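Next comes coords_33.cif, a file with mmCIF, C-alpha atoms.
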```cif
data_run
#
loop_
_atom_site.group_PDB
_atom_site.id
_atom_site.type_symbol
_atom_site.label_atom_id
_atom_site.label_comp_id
_atom_site.auth_asym_id
_atom_site.auth_seq_id
_atom_site.Cartn_x
_atom_site.Cartn_y
_atom_site.Cartn_z
ATOM 1 C CA MET A 73 0.000 0.000 0.000
ATOM 2 C CA THR A 74 1.323 3.425 -0.950
ATOM 3 C CA VAL A 75 0.557 6.362 1.308
ATOM 4 C CA ASP A 76 -0.006 9.739 -0.347
ATOM 5 C CA ARG A 77 1.848 12.173 1.905
ATOM 6 C CA SER A 78 1.064 15.236 -0.189
ATOM 7 C CA GLU A 79 -2.134 15.894 1.751
ATOM 8 C CA PRO A 80 -2.949 15.399 5.429
ATOM 9 C CA PRO A 81 -4.722 12.077 6.070
ATOM 10 C CA ILE A 82 -7.689 13.888 7.622
ATOM 11 C CA GLN A 83 -9.194 17.183 6.639
ATOM 12 C CA TYR A 84 -11.794 19.333 8.426
ATOM 13 C CA THR A 85 -15.052 20.576 6.959
ATOM 14 C CA ALA A 86 -15.547 24.339 7.141
ATOM 15 C CA THR A 87 -18.180 23.704 9.821
ATOM 16 C CA ALA A 88 -15.812 21.635 11.979
ATOM 17 C CA ALA A 89 -13.025 24.192 11.587
ATOM 18 C CA ASP A 90 -15.428 26.972 12.618
ATOM 19 C CA GLN A 91 -16.531 24.940 15.645
ATOM 20 C CA VAL A 92 -12.935 24.397 16.772
ATOM 21 C CA VAL A 93 -12.128 28.099 16.358
ATOM 22 C CA ALA A 94 -15.273 29.035 18.312
ATOM 23 C CA LEU A 95 -14.278 26.692 21.144
ATOM 24 C CA PHE A 96 -10.760 28.140 21.256
ATOM 25 C CA ASP A 97 -12.131 31.689 21.217
ATOM 26 C CA TYR A 98 -14.490 30.846 24.072
ATOM 27 C CA TYR A 99 -11.733 29.246 26.159
ATOM 28 C CA GLU A 100 -9.400 32.149 25.466
ATOM 29 C CA ALA A 101 -12.030 34.713 26.490
ATOM 30 C CA LYS A 102 -12.661 32.759 29.698
ATOM 31 C CA GLU A 103 -8.900 32.431 30.303
ATOM 32 C CA ARG A 104 -9.024 28.656 30.323
ATOM 33 C CA PRO A 105 -5.697 27.447 28.896
ATOM 34 C CA ALA A 106 -6.227 23.939 30.314
ATOM 35 C CA ALA A 107 -9.456 23.649 28.299
ATOM 36 C CA MET A 108 -7.597 24.730 25.165
ATOM 37 C CA SER A 109 -4.978 22.075 25.824
ATOM 38 C CA SER A 110 -7.668 19.438 26.419
ATOM 39 C CA LEU A 111 -9.309 20.310 23.103
ATOM 40 C CA LEU A 112 -5.994 19.938 21.269
ATOM 41 C CA ASP A 113 -5.398 16.603 23.003
ATOM 42 C CA ALA A 114 -8.890 15.400 22.041
ATOM 43 C CA LEU A 115 -8.399 16.391 18.397
ATOM 44 C CA GLU A 116 -5.029 14.635 18.269
ATOM 45 C CA SER A 117 -6.462 11.502 19.887
ATOM 46 C CA ALA A 118 -9.409 11.526 17.485
ATOM 47 C CA TRP A 119 -7.020 11.869 14.555
ATOM 48 C CA ARG A 120 -5.076 8.792 15.702
ATOM 49 C CA ILE A 121 -8.237 6.765 16.300
ATOM 50 C CA ILE A 122 -9.747 7.688 12.932
ATOM 51 C CA VAL A 123 -6.573 6.987 10.965
ATOM 52 C CA GLY A 124 -6.032 3.725 12.844
ATOM 53 C CA ALA A 125 -9.605 2.480 12.508
ATOM 54 C CA PRO A 126 -11.572 4.474 9.924
ATOM 55 C CA ASP A 127 -14.450 1.998 10.208
ATOM 56 C CA GLY A 128 -14.685 2.595 13.955
ATOM 57 C CA GLY A 129 -16.768 4.960 15.975
ATOM 58 C CA MET A 130 -20.495 4.941 16.615
ATOM 59 C CA PRO A 131 -23.428 5.886 14.406
ATOM 60 C CA ALA A 132 -24.354 8.762 16.749
ATOM 61 C CA PRO A 133 -23.482 10.194 20.139
ATOM 62 C CA THR A 134 -24.937 7.807 22.714
ATOM 63 C CA PRO A 135 -27.350 10.379 24.199
ATOM 64 C CA TYR A 136 -28.437 11.642 20.758
ATOM 65 C CA PRO A 137 -29.336 8.756 18.427
ATOM 66 C CA GLN A 138 -31.522 11.132 16.417
ATOM 67 C CA VAL A 139 -28.456 12.739 14.794
ATOM 68 C CA ALA A 140 -27.318 9.486 13.177
ATOM 69 C CA ARG A 141 -26.628 9.992 9.503
ATOM 70 C CA LYS A 142 -25.435 7.645 6.787
ATOM 71 C CA GLY A 143 -21.697 7.974 6.248
ATOM 72 C CA VAL A 144 -21.027 9.832 9.517
ATOM 73 C CA ARG A 145 -19.411 8.149 12.526
ATOM 74 C CA TRP A 146 -18.900 9.598 16.006
ATOM 75 C CA LEU A 147 -16.184 9.360 18.648
ATOM 76 C CA HIS A 148 -16.322 10.494 22.249
ATOM 77 C CA VAL A 149 -12.823 11.695 23.098
ATOM 78 C CA GLY A 150 -12.213 13.434 26.393
ATOM 79 C CA SER A 151 -15.169 15.755 26.799
ATOM 80 C CA TYR A 152 -15.841 16.129 23.064
ATOM 81 C CA TRP A 153 -18.040 14.412 20.509
ATOM 82 C CA ILE A 154 -16.300 14.357 17.144
ATOM 83 C CA ALA A 155 -18.107 13.401 13.945
ATOM 84 C CA PHE A 156 -16.171 12.126 10.948
ATOM 85 C CA ARG A 157 -16.808 10.878 7.435
ATOM 86 C CA GLN A 158 -14.891 8.235 5.558
ATOM 87 C CA ALA A 159 -15.718 9.232 2.001
ATOM 88 C CA PRO A 160 -14.658 10.698 -0.255
ATOM 89 C CA ARG A 161 -11.751 10.952 2.205
ATOM 90 C CA LEU A 162 -11.336 11.004 5.964
ATOM 91 C CA THR A 163 -12.857 14.245 7.190
ATOM 92 C CA ILE A 164 -13.683 15.576 10.647
ATOM 93 C CA ALA A 165 -17.167 16.928 10.125
ATOM 94 C CA ALA A 166 -18.136 18.317 13.549
ATOM 95 C CA VAL A 167 -16.647 18.957 16.993
ATOM 96 C CA PHE A 168 -18.865 19.508 20.037
ATOM 97 C CA HIS A 169 -18.264 19.734 23.754
ATOM 98 C CA ASP A 170 -20.239 16.911 25.323
ATOM 99 C CA ARG A 171 -22.455 19.406 27.174
ATOM 100 C CA SER A 172 -23.473 21.039 23.891
ATOM 101 C CA ASP A 173 -26.994 20.870 22.553
ATOM 102 C CA ILE A 174 -25.912 18.639 19.678
ATOM 103 C CA PRO A 175 -29.423 17.996 18.286
ATOM 104 C CA GLY A 176 -30.191 21.735 18.414
ATOM 105 C CA ARG A 177 -26.956 22.621 16.647
ATOM 106 C CA TYR A 178 -27.566 19.850 14.127
ATOM 107 C CA GLN A 179 -30.895 21.446 13.200
ATOM 108 C CA GLN A 180 -29.457 24.977 13.290
ATOM 109 C CA GLN A 181 -26.398 24.249 11.141
ATOM 110 C CA GLY A 182 -28.185 21.890 8.785
ATOM 111 C CA LYS A 183 -27.495 18.292 7.963
ATOM 112 C CA ALA A 184 -25.483 19.235 4.878
ATOM 113 C CA ALA A 185 -22.927 21.088 7.002
ATOM 114 C CA TRP A 186 -21.666 17.820 8.462
#
```

As structure tokens, what does this structure read like?
Amino acid sequence: MTVDRSEPPIQYTATAADQVVALFDYYEAKERPAAMSSLLDALESAWRIIVGAPDGGMPAPTPYPQVARKGVRWLHVGSYWIAFRQAPRLTIAAVFHDRSDIPGRYQQQGKAAW
């Protein structure tokens, strides 16, 4: 198997990137550097899990089965729910703190966003 190293093995959707930036901005405004570090750790752990087992994860966050969607898998890493897609390539589609209103955000942002 040949690995294409010209692109990162996982990309982020615009929605997921915006969510991560919003979380960092919130933690920075609240002067919570430990929370920022925890988010980075969770994203790195998710990256390793996804690359190591792209067929893994769950169909939806355990408390929110209503957000299950074909082609989207979920991981609970640290205090974050992270959604990812396998096709057309590995992509982190959403990042939520586990106390977030995930179903509400799902409706607000639209299914197509992630």

Selection near region 100-117 of chain A, 12 Å with all atoms listed in the file, sequence-local residues under 5 positions removed, as a ChimeraX atom specification: /A:82-84,88-89,91-95,122-124,147-156,164,166-170

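CA of Ile174 (chain A) is positioned 11.3 Å from CA of Ala140 (chain A).
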
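Computed from the coordinates, the CA of Trp146 (chain A) to CA of Ile121 (chain A) distance equals 11.0 Å.
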
Interatomic distance, CA of Asp127 (chain A) to CA of Gly176 (chain A) (Å, one decimal): 26.5 Å

Protein, DNA and RNA residues within 12 Å of (-27.8, 9.7, 16.8), only C-alpha atoms, as an NGL selection string: :A and (130-142 or 144-147 or 153 or 155 or 174-175 or 178)

Box dimensions and centre (Å, one decimal) enclosing region 94-105 of chain A, axis-aligned, 5 Å extra per side, as AutoDock Vina command-line options:
```
--center_x -10.5 --center_y 30.7 --center_z 24.3 --size_x 19.6 --size_y 18.0 --size_z 22.0
```

Your completed region 84-95 of chain A with N, CA and C atoms, as a PDB file, in the coordinates of the input:
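Saved the output as selection03.pdb:
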```pdb
ATOM      1  N   TYR A  84     -10.661  18.831   7.654  1.00  0.00           N
ATOM      2  CA  TYR A  84     -11.794  19.333   8.426  1.00  0.00           C
ATOM      3  C   TYR A  84     -12.770  19.990   7.470  1.00  0.00           C
ATOM      4  N   THR A  85     -14.074  19.791   7.706  1.00  0.00           N
ATOM      5  CA  THR A  85     -15.052  20.576   6.959  1.00  0.00           C
ATOM      6  C   THR A  85     -14.967  22.017   7.457  1.00  0.00           C
ATOM      7  N   ALA A  86     -15.513  22.937   6.703  1.00  0.00           N
ATOM      8  CA  ALA A  86     -15.547  24.339   7.141  1.00  0.00           C
ATOM      9  C   ALA A  86     -16.319  24.457   8.452  1.00  0.00           C
ATOM     10  N   THR A  87     -17.382  23.684   8.586  1.00  0.00           N
ATOM     11  CA  THR A  87     -18.180  23.704   9.821  1.00  0.00           C
ATOM     12  C   THR A  87     -17.349  23.252  11.010  1.00  0.00           C
ATOM     13  N   ALA A  88     -16.636  22.144  10.876  1.00  0.00           N
ATOM     14  CA  ALA A  88     -15.812  21.635  11.979  1.00  0.00           C
ATOM     15  C   ALA A  88     -14.713  22.627  12.332  1.00  0.00           C
ATOM     16  N   ALA A  89     -14.078  23.206  11.326  1.00  0.00           N
ATOM     17  CA  ALA A  89     -13.025  24.192  11.587  1.00  0.00           C
ATOM     18  C   ALA A  89     -13.600  25.393  12.330  1.00  0.00           C
ATOM     19  N   ASP A  90     -14.782  25.855  11.927  1.00  0.00           N
ATOM     20  CA  ASP A  90     -15.428  26.972  12.618  1.00  0.00           C
ATOM     21  C   ASP A  90     -15.763  26.609  14.065  1.00  0.00           C
ATOM     22  N   GLN A  91     -16.199  25.379  14.288  1.00  0.00           N
ATOM     23  CA  GLN A  91     -16.531  24.940  15.645  1.00  0.00           C
ATOM     24  C   GLN A  91     -15.289  24.922  16.534  1.00  0.00           C
ATOM     25  N   VAL A  92     -14.180  24.441  16.001  1.00  0.00           N
ATOM     26  CA  VAL A  92     -12.935  24.397  16.772  1.00  0.00           C
ATOM     27  C   VAL A  92     -12.476  25.825  17.104  1.00  0.00           C
ATOM     28  N   VAL A  93     -12.518  26.707  16.123  1.00  0.00           N
ATOM     29  CA  VAL A  93     -12.128  28.099  16.358  1.00  0.00           C
ATOM     30  C   VAL A  93     -13.039  28.734  17.416  1.00  0.00           C
ATOM     31  N   ALA A  94     -14.335  28.476  17.334  1.00  0.00           N
ATOM     32  CA  ALA A  94     -15.273  29.035  18.312  1.00  0.00           C
ATOM     33  C   ALA A  94     -14.966  28.521  19.724  1.00  0.00           C
ATOM     34  N   LEU A  95     -14.641  27.242  19.832  1.00  0.00           N
ATOM     35  CA  LEU A  95     -14.278  26.692  21.144  1.00  0.00           C
ATOM     36  C   LEU A  95     -13.006  27.347  21.674  1.00  0.00           C
TER      37      LEU A  95
END
```
